[in-house]
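Asker: What follows is start.txt; its format and atoms are compact mmCIF, C-alpha atoms.
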```txt
# COMPACT_ATOMS: atom_id res chain seq x y z
CA MET A 15 -18.58 -9.55 52.47
CA GLN A 16 -15.68 -7.42 51.20
CA GLN A 17 -13.35 -10.42 51.48
CA GLN A 18 -15.85 -12.58 49.57
CA ARG A 19 -16.07 -10.01 46.75
CA GLN A 20 -12.26 -9.87 46.51
CA GLN A 21 -12.07 -13.66 46.32
CA THR A 22 -14.71 -13.70 43.59
CA ALA A 23 -12.81 -11.07 41.58
CA ARG A 24 -9.59 -13.06 41.90
CA ARG A 25 -11.34 -16.24 40.73
CA SER A 26 -12.81 -14.29 37.79
CA ALA A 27 -9.43 -13.00 36.60
CA SER A 28 -7.79 -16.40 37.12
CA SER A 29 -10.52 -18.15 35.15
CA ALA A 30 -10.27 -15.64 32.29
CA ARG A 31 -6.52 -16.11 32.04
CA ARG A 32 -6.84 -19.91 31.95
CA PHE A 33 -9.32 -19.75 29.09
CA LEU A 34 -7.19 -17.35 27.09
CA LYS A 35 -4.05 -19.41 27.62
CA LYS A 36 -5.75 -22.54 26.34
CA ASN A 37 -6.86 -20.58 23.25
CA VAL A 38 -10.50 -21.48 23.75
CA GLY A 39 -12.93 -19.46 21.60
CA ILE A 40 -13.46 -16.26 23.47
CA ALA A 41 -17.25 -16.34 23.29
CA LEU A 42 -17.24 -19.87 24.74
CA ALA A 43 -14.95 -18.71 27.50
CA VAL A 44 -17.43 -16.02 28.46
CA THR A 45 -20.31 -18.49 28.56
CA ALA A 46 -18.32 -20.90 30.71
CA THR A 47 -17.36 -18.18 33.18
CA ALA A 48 -20.71 -16.40 33.26
CA ALA A 49 -21.50 -17.63 36.77
CA VAL A 50 -18.22 -16.19 38.01
CA LEU A 51 -18.47 -12.92 36.15
CA GLY A 52 -21.99 -12.29 37.38
CA PRO A 53 -24.67 -10.10 35.74
CA ALA A 54 -23.61 -7.04 33.75
CA THR A 55 -25.56 -4.02 32.62
CA SER A 56 -25.39 -2.90 28.99
CA ALA A 57 -24.58 0.79 28.64
CA SER A 58 -24.20 1.46 24.93
CA ALA A 59 -24.21 -0.10 21.48
CA GLY A 60 -22.15 0.37 18.34
CA THR A 61 -19.36 -2.06 17.59
CA GLY A 62 -20.10 -3.72 20.96
CA HIS A 63 -21.55 -3.21 24.41
CA SER A 64 -20.13 -1.64 27.55
CA TYR A 65 -20.31 -3.36 30.92
CA ARG A 66 -19.96 -2.33 34.52
CA GLY A 67 -16.22 -1.92 35.00
CA SER A 68 -13.70 -0.61 32.51
CA VAL A 69 -11.58 -2.92 30.39
CA VAL A 70 -8.49 -0.88 31.33
CA THR A 71 -8.29 0.58 34.83
CA ASP A 72 -5.78 2.48 36.97
CA VAL A 73 -4.41 4.42 33.98
CA ARG A 74 -1.43 6.55 34.93
CA THR A 75 1.62 8.22 33.43
CA ALA A 76 4.66 6.00 33.88
CA ALA A 77 7.16 8.34 32.20
CA GLN A 78 7.04 11.91 30.87
CA PHE A 79 9.11 13.04 27.89
CA ASP A 80 10.40 16.34 26.50
CA TYR A 81 8.61 16.85 23.19
CA ALA A 82 10.61 20.01 22.44
CA ALA A 83 13.82 17.99 22.67
CA GLY A 84 12.57 15.39 20.20
CA GLU A 85 11.51 12.83 22.80
CA ILE A 86 8.48 11.73 20.81
CA PRO A 87 7.79 8.05 21.61
CA GLU A 88 6.76 5.97 18.61
CA ASN A 89 7.19 2.29 19.45
CA ILE A 90 7.73 0.05 22.46
CA THR A 91 9.03 -3.40 23.32
CA VAL A 92 8.63 -4.74 26.86
CA ASN A 93 11.44 -7.07 27.91
CA PRO A 94 11.11 -10.13 30.18
CA ASP A 95 12.84 -8.28 33.03
CA GLY A 96 10.21 -5.51 32.96
CA SER A 97 12.44 -2.98 31.21
CA MET A 98 11.27 -1.30 28.00
CA ILE A 99 12.86 -0.25 24.72
CA LEU A 100 11.30 2.90 23.24
CA SER A 101 11.81 4.45 19.82
CA MET A 102 11.92 8.26 19.92
CA LEU A 103 11.18 10.00 16.62
CA GLY A 104 13.31 13.08 17.23
CA SER A 105 11.20 14.71 14.54
CA CYS A 106 7.92 14.07 12.77
CA ALA A 107 5.84 15.36 9.90
CA VAL A 108 4.32 18.19 11.95
CA CYS A 109 7.26 19.12 14.16
CA GLN A 110 10.55 20.87 13.68
CA ARG A 111 13.36 18.58 12.51
CA THR A 112 15.90 19.91 14.95
CA HIS A 113 16.72 16.86 17.05
CA GLY A 114 18.06 13.43 16.21
CA PRO A 115 15.97 10.38 17.14
CA GLN A 116 16.85 8.06 20.00
CA LEU A 117 16.50 4.46 21.05
CA MET A 118 15.93 4.54 24.81
CA ARG A 119 15.86 1.85 27.47
CA ILE A 120 13.75 2.41 30.57
CA SER A 121 14.51 0.03 33.44
CA ALA A 122 11.83 -1.55 35.59
CA SER A 123 12.71 1.02 38.27
CA GLY A 124 12.36 3.93 35.81
CA GLY A 125 16.01 4.64 35.02
CA ARG A 126 16.67 5.85 31.47
CA THR A 127 19.56 4.96 29.18
CA VAL A 128 19.94 6.28 25.63
CA LEU A 129 21.18 3.33 23.58
CA VAL A 130 21.41 5.08 20.19
CA THR A 131 21.14 8.63 18.89
CA GLY A 132 20.40 9.05 15.20
CA GLN A 133 20.95 11.95 12.85
CA VAL A 134 18.77 15.04 12.55
CA GLY A 135 16.20 14.57 9.79
CA GLU A 136 15.69 10.84 10.27
CA ALA A 137 13.48 8.90 12.66
CA ILE A 138 13.76 5.70 14.66
CA SER A 139 10.40 4.03 14.13
CA GLY A 140 9.86 0.33 14.87
CA ASN A 141 11.83 -1.79 17.31
CA THR A 142 11.72 -5.40 18.41
CA ARG A 143 13.67 -7.96 20.41
CA GLY A 144 14.91 -11.40 19.44
CA SER A 145 14.50 -14.36 21.80
CA ASP A 146 18.23 -14.10 22.53
CA GLY A 147 17.79 -10.49 23.67
CA THR A 148 19.16 -8.85 20.51
CA VAL A 149 17.57 -5.45 19.83
CA TYR A 150 16.58 -4.46 16.28
CA TYR A 151 15.29 -1.06 15.18
CA SER A 152 14.23 0.79 12.02
CA VAL A 153 15.93 3.98 10.89
CA TRP A 154 13.70 5.95 8.54
CA ALA A 155 16.11 8.27 6.69
CA PRO A 156 14.14 9.84 3.83
CA GLY A 157 16.20 10.10 0.65
CA ASN A 158 19.36 8.77 2.30
CA ALA A 159 20.23 5.31 0.97
CA ALA A 160 23.37 5.27 3.11
CA ARG A 161 21.30 5.35 6.31
CA ASN A 162 17.82 4.00 5.51
CA GLY A 163 17.16 0.51 6.82
CA VAL A 164 17.22 -1.75 9.87
CA TYR A 165 19.91 -1.81 12.53
CA THR A 166 20.93 -3.94 15.48
CA LEU A 167 23.10 -3.30 18.51
CA ARG A 168 26.41 -5.14 18.66
CA PRO A 169 27.42 -6.71 22.01
CA ASP A 170 29.46 -3.58 22.75
CA GLY A 171 26.36 -1.40 22.20
CA THR A 172 27.39 0.13 18.86
CA PRO A 173 24.81 0.15 16.05
CA GLN A 174 25.19 -1.93 12.90
CA ARG A 175 22.99 -1.74 9.82
CA ILE A 176 21.92 -5.26 8.84
CA ALA A 177 19.39 -4.37 6.14
CA ALA A 178 19.81 -1.55 3.63
CA LEU A 179 16.57 -0.28 2.10
CA PRO A 180 16.04 1.99 -0.92
CA ALA A 181 16.15 5.73 -0.26
CA ASP A 182 12.41 6.03 -0.99
CA ALA A 183 11.40 3.20 1.38
CA GLY A 184 9.76 3.86 4.74
CA PRO A 185 10.91 1.21 7.23
CA ASN A 186 8.52 1.02 10.16
CA GLY A 187 7.22 -1.97 12.14
CA LEU A 188 9.45 -5.01 12.72
CA ALA A 189 8.69 -8.66 13.53
CA ILE A 190 10.77 -11.82 13.93
CA ASP A 191 9.59 -15.32 13.04
CA PRO A 192 9.31 -17.85 15.91
CA ALA A 193 12.45 -19.66 14.77
CA GLY A 194 14.38 -16.43 15.25
CA ARG A 195 15.91 -16.58 11.78
CA THR A 196 13.99 -14.02 9.71
CA LEU A 197 13.21 -10.37 10.32
CA TYR A 198 10.20 -8.80 8.60
CA ILE A 199 9.97 -5.06 7.87
CA ALA A 200 6.81 -3.06 7.18
CA ASP A 201 7.44 -0.46 4.47
CA SER A 202 5.00 2.42 4.96
CA PHE A 203 5.67 3.91 1.51
CA LYS A 204 6.14 1.08 -0.98
CA SER A 205 3.28 -1.39 -0.24
CA ILE A 206 5.86 -4.00 0.73
CA ILE A 207 6.74 -6.24 3.64
CA TRP A 208 10.46 -6.98 3.34
CA SER A 209 12.33 -9.94 4.81
CA VAL A 210 15.99 -10.33 5.74
CA PRO A 211 17.96 -12.85 7.82
CA VAL A 212 18.41 -11.65 11.40
CA SER A 213 22.16 -11.91 10.82
CA GLY A 214 21.83 -9.38 7.98
CA GLY A 215 22.02 -9.45 4.21
CA SER A 216 20.04 -8.47 1.15
CA VAL A 217 16.38 -7.65 1.70
CA THR A 218 13.69 -9.54 -0.22
CA PRO A 219 10.16 -8.32 -0.97
CA TRP A 220 8.25 -10.98 1.01
CA LEU A 221 4.82 -9.53 0.17
CA THR A 222 3.79 -6.74 -2.18
CA ASP A 223 0.09 -5.89 -2.22
CA ALA A 224 -2.25 -2.92 -2.64
CA ALA A 225 -3.67 -3.69 0.81
CA LEU A 226 -0.37 -2.43 2.24
CA ALA A 227 -0.32 0.81 0.24
CA PRO A 228 -0.67 4.33 1.63
CA VAL A 229 -3.34 6.76 0.42
CA PRO A 230 -1.43 9.47 -1.52
CA THR A 231 -4.01 12.18 -0.81
CA GLU A 232 -3.71 11.85 2.98
CA ALA A 233 -1.78 14.47 4.97
CA LEU A 234 0.49 11.66 6.19
CA PRO A 235 0.59 9.08 3.38
CA ILE A 236 1.48 6.01 5.45
CA GLY A 237 0.43 2.47 4.58
CA ALA A 238 1.80 -0.64 6.32
CA ASN A 239 2.69 0.38 9.84
CA GLY A 240 2.60 -1.99 12.80
CA LEU A 241 3.83 -5.57 12.35
CA ARG A 242 3.58 -8.62 14.61
CA PHE A 243 4.29 -12.33 14.10
CA HIS A 244 1.52 -14.19 15.92
CA ASN A 245 -0.02 -17.66 15.77
CA GLY A 246 1.50 -18.66 12.43
CA ALA A 247 0.81 -15.38 10.67
CA LEU A 248 2.09 -11.86 10.17
CA TRP A 249 -0.39 -9.25 11.32
CA VAL A 250 -0.06 -5.76 9.87
CA SER A 251 -1.91 -2.46 10.25
CA ASN A 252 -2.49 0.03 7.43
CA PHE A 253 -2.46 3.55 8.87
CA ASN A 254 -4.30 5.37 6.06
CA LYS A 255 -6.80 2.62 5.20
CA GLY A 256 -7.67 1.94 8.83
CA THR A 257 -7.30 -1.82 8.49
CA LEU A 258 -5.88 -4.66 10.56
CA LEU A 259 -4.74 -7.54 8.36
CA ARG A 260 -3.62 -11.13 8.94
CA VAL A 261 -1.20 -12.80 6.50
CA PRO A 262 -0.70 -16.55 7.10
CA VAL A 263 2.81 -17.88 6.60
CA THR A 264 3.01 -21.16 4.69
CA GLY A 265 5.24 -24.07 5.62
CA ALA A 266 7.66 -22.89 2.97
CA GLY A 267 7.76 -19.43 4.54
CA ALA A 268 5.76 -17.70 1.81
CA ALA A 269 2.84 -15.31 2.29
CA GLY A 270 -0.64 -16.78 2.15
CA PRO A 271 -3.84 -14.90 1.26
CA ILE A 272 -4.41 -11.67 3.16
CA ARG A 273 -7.44 -11.64 5.47
CA LEU A 274 -9.08 -8.48 6.74
CA VAL A 275 -9.49 -8.80 10.52
CA ALA A 276 -11.03 -5.36 11.10
CA GLY A 277 -11.61 -2.13 9.18
CA GLY A 278 -12.91 1.33 9.95
CA LEU A 279 -9.99 2.23 12.23
CA PRO A 280 -8.52 5.41 10.69
CA ASN A 281 -4.93 6.15 11.72
CA ILE A 282 -4.42 2.68 13.19
CA ASP A 283 -0.83 2.60 14.37
CA ASP A 284 0.94 -0.18 16.23
CA PHE A 285 -0.73 -2.95 18.22
CA SER A 286 -0.12 -5.90 20.54
CA PHE A 287 -1.83 -9.13 21.57
CA LEU A 288 -3.37 -9.95 24.92
CA THR A 289 -1.27 -13.13 25.21
CA PRO A 290 0.88 -15.20 22.84
CA TRP A 291 -2.09 -17.58 22.47
CA SER A 292 -4.96 -15.11 22.15
CA ASP A 293 -6.06 -13.23 19.01
CA VAL A 294 -7.47 -10.37 21.11
CA VAL A 295 -5.62 -7.22 19.99
CA PHE A 296 -4.99 -3.86 21.67
CA VAL A 297 -4.73 -1.26 18.88
CA ALA A 298 -3.49 2.34 19.06
CA GLN A 299 -5.54 4.76 16.96
CA ASN A 300 -3.29 7.80 16.49
CA GLY A 301 -5.87 10.30 15.27
CA SER A 302 -4.34 13.56 16.43
CA SER A 303 -1.12 12.90 14.51
CA SER A 304 -2.92 14.03 11.36
CA GLN A 305 -6.15 15.47 12.79
CA ASN A 306 -7.99 12.66 11.01
CA GLY A 307 -9.89 10.88 13.72
CA PRO A 308 -10.00 10.12 17.41
CA ASP A 309 -7.19 9.21 19.77
CA ARG A 310 -8.24 5.80 21.05
CA ILE A 311 -7.07 2.45 22.31
CA VAL A 312 -9.34 -0.14 20.79
CA VAL A 313 -9.74 -3.83 21.62
CA VAL A 314 -10.28 -5.93 18.50
CA TYR A 315 -11.86 -9.34 19.12
CA PRO A 316 -11.23 -12.45 17.00
CA ASN A 317 -14.58 -12.09 15.20
CA GLY A 318 -13.59 -8.61 13.96
CA THR A 319 -15.77 -6.59 16.33
CA TYR A 320 -14.02 -3.91 18.32
CA LYS A 321 -14.55 -1.51 21.17
CA ALA A 322 -12.78 1.67 22.32
CA VAL A 323 -11.47 1.15 25.84
CA LEU A 324 -9.47 4.39 26.28
CA THR A 325 -9.86 7.84 24.70
CA SER A 326 -8.41 11.32 25.01
CA ALA A 327 -10.49 11.64 28.18
CA ASP A 328 -8.07 9.13 29.70
CA GLY A 329 -5.10 11.31 28.76
CA LEU A 330 -4.27 9.84 25.35
CA ALA A 331 -2.24 12.23 23.19
CA SER A 332 -1.31 10.74 19.80
CA PRO A 333 -1.13 7.11 20.98
CA SER A 334 1.26 5.28 18.66
CA ALA A 335 1.81 1.80 20.11
CA THR A 336 0.71 -0.65 22.78
CA ALA A 337 2.44 -3.47 24.63
CA VAL A 338 1.09 -6.06 27.05
CA ARG A 339 2.94 -7.80 29.86
CA GLY A 340 0.80 -9.90 32.17
CA ASP A 341 -2.17 -7.76 33.16
CA ARG A 342 -0.41 -4.49 32.37
CA LEU A 343 -1.04 -2.44 29.22
CA TYR A 344 1.59 0.08 28.09
CA ILE A 345 0.88 2.95 25.67
CA THR A 346 3.28 5.33 23.97
CA ASN A 347 1.91 8.84 23.32
CA GLY A 348 3.70 11.13 20.87
CA GLY A 349 2.03 14.29 22.17
CA VAL A 350 1.62 15.91 18.74
CA PRO A 351 -1.24 18.29 19.68
CA GLU A 352 -0.59 21.08 22.15
CA PRO A 353 0.34 21.02 24.99
CA HIS A 354 2.58 18.26 23.52
CA ASP A 355 2.04 15.76 26.31
CA ALA A 356 4.56 13.12 25.19
CA LYS A 357 4.54 10.24 27.66
CA LEU A 358 4.31 6.55 28.44
CA GLN A 359 1.08 5.44 30.07
CA THR A 360 0.25 2.20 31.81
CA GLY A 361 -2.99 0.65 32.99
CA ARG A 362 -4.34 -2.62 34.35
CA ILE A 363 -6.36 -4.98 32.15
CA ASN A 364 -9.69 -6.01 33.68
CA PHE A 365 -10.07 -9.55 32.28
CA ALA A 366 -13.65 -9.94 33.44
CA ALA A 367 -14.79 -6.79 31.63
CA LEU A 368 -12.71 -7.71 28.56
CA LEU A 369 -14.40 -11.12 28.26
CA ALA A 370 -17.84 -9.81 29.07
CA ASN A 371 -17.60 -7.33 26.22
CA ALA A 372 -16.52 -10.12 23.86
CA ALA A 373 -19.74 -12.02 24.47
CA GLN A 374 -21.86 -9.41 22.69
```
The structure in this file should be written as structure tokens.

Answerer:
Amino acid sequence: MQQQRQQTARRSASSARRFLKKNVGIALAVTATAAVLGPATSASAGTGHSYRGSVVTDVRTAAQFDYAAGEIPENITVNPDGSMILSMLGSCAVCQRTHGPQLMRISASGGRTVLVTGQVGEAISGNTRGSDGTVYYSVWAPGNAARNGVYTLRPDGTPQRIAALPADAGPNGLAIDPAGRTLYIADSFKSIIWSVPVSGGSVTPWLTDAALAPVPTEALPIGANGLRFHNGALWVSNFNKGTLLRVPVTGAGAAGPIRLVAGGLPNIDDFSFLTPWSDVVFVAQNGSSSQNGPDRIVVVYPNGTYKAVLTSADGLASPSATAVRGDRLYITNGGVPEPHDAKLQTGRINFAALLANAAQ
């Protein structure tokens, strides 16, 4: 009987992955796999229903960081070899600016290498990776036009600024188009998404819109934050407005009309997609960074409904970004509230529970 249950679970996960990969409508996928998934009991209502079995299981701490030394993880990129690139703030709006930020690589075996150390008073925010393995990262240097902008690592490992931004800009999330030619930059202060060739050059305001703007009265006035190129569009989160937006990219490379995917997610930070083909999104809600909402990881479904799948009860402490590789979910936690539990968490995605929740 135990062996039969294990075989059924394996068939369930395999079926879910096949449906997602083919980009079939997620509700249809649930209907088609209902016989495999079996009956589920509804536990609660709100933005969705809960089912027997958690969407994210086996949550554990993969790496612990020293908050007092400025190891405050902000963003993450998971590489094909299983290693990770993490941005470390070094300082933040509610901590002492006594340490420079870092760009850190963590190998698949857990070894740590500091790739870059920035200057005290600035932060390394977003980071991303080109298809050729080139690493790009944002340096947020308030008031310092000589440092503010986007950098890359030369082959010898030394940093090079490839995009200079105004001193009052707030470079944050980064994304690269599928052709690997253009880098997009979310500006958290100026209601702008900038673009620049990946080889470097003058930045261009690709999109300027009030939907990207911060809310000036907030304790942390941050607008456009996370940025991902996905399925022919740029997706962007607005931290203060609690929105997840989709901006289609035209054949000419221009911005199409902005579409609201989901709202009501205060302090939405960075996010990632379940697969390159699926519009299911894992969102980090970084509430404790400004004491303005819950710390949560939320799954947003293609129809705009969403469900919290992890909370502070699961050890979240200022979650700032997510990344997905296979069936593993990775979460960076800045650890802003005491006891300053800065860390990287990982968990396993339960595809059956994820799809079952999407059916409601």

Asker: Between CA of Gly124 (chain A) and CA of Pro351 (chain A), what is the distance in Å, rounded to a tenth?

Answerer: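 Spanning CA of Gly124 (chain A) to CA of Pro351 (chain A) is a straight-line distance of 25.5 Å.
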
Asker: For Ala322 (chain A), which residue out of A:Ala268, A:Leu241, A:Val295, A:Ala337 is the nearest one, using only C-alpha atoms?

Answerer: A:Val295

Asker: If I take CA of Leu324 (chain A) and CA of Arg310 (chain A), how far is one from the other in Å, to one decimal?

Answerer: 5.6 Å

Asker: I'd like the interatomic distance between CA of Gly194 (chain A) and CA of Ala178 (chain A), to a tenth of an Å.

Answerer: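 These atoms are spaced 19.6 Å apart.
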
Asker: Could you check the closest approach to Glu136 (chain A) for each of A:Phe365, A:Trp154, A:Tyr198, A:Tyr81 and tell me which residue wins, using all atoms listed in the file?

Answerer: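 Once distances to Glu136 (chain A) are computed over all atoms listed in the file, the minimum belongs to A:Trp154.
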
Asker: List the spatial neighbours of Asp146 (chain A) as an NGL selection string - criterion: any atom at most 12 Å away, all atoms listed in the file, same-chain residues fewer than 4 positions off excluded.

Answerer: :A and (93-94 or 142 or 150 or 169 or 190 or 192-195 or 212)

Asker: If we count all atoms listed in the file, what is near Thr336 (chain A) at a cut-off of 8 Å, once residues fewer than 3 positions away on the same chain are taken out, given as an MDAnalysis selection string?

Answerer: chainID A and resid 89:90 284:286 296:298 343:346

Asker: Let me make sure I understand: among A:Asp191, A:Ala137, A:Ile199, A:Ser303, which one has the smallest atom-to-atom distance to Pro262 (chain A) if we use only C-alpha atoms?

Answerer: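 Answer, going by the shortest atom-to-atom distance: A:Asp191.
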
Asker: Which residue gives the smallest distance to Pro271 (chain A) among A:Leu358, A:Leu221, A:Leu288, A:Ala233, with all atoms listed in the file counted?

Answerer: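 Using all atoms listed in the file, Pro271 (chain A) sits closest to A:Leu221.
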
Asker: Taking every listed atom of region 249-259 of chain A and adding 5 Å to each side, what centre and edge lengths in Å (one decimal) does the axis-aligned box have, as JSON?

Answerer:
```
{"center_x": -3.9, "center_y": -1.9, "center_z": 8.3, "size_x": 17.6, "size_y": 24.6, "size_z": 16.1}
```

Asker: Which residue is closest to Ser205 (chain A)? Choose from A:Asn162, A:Asn239, A:Thr172, A:Gln116 and count all atoms listed in the file.

Answerer: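 Of the candidates, the smallest distance to Ser205 (chain A) is held by A:Asn239.
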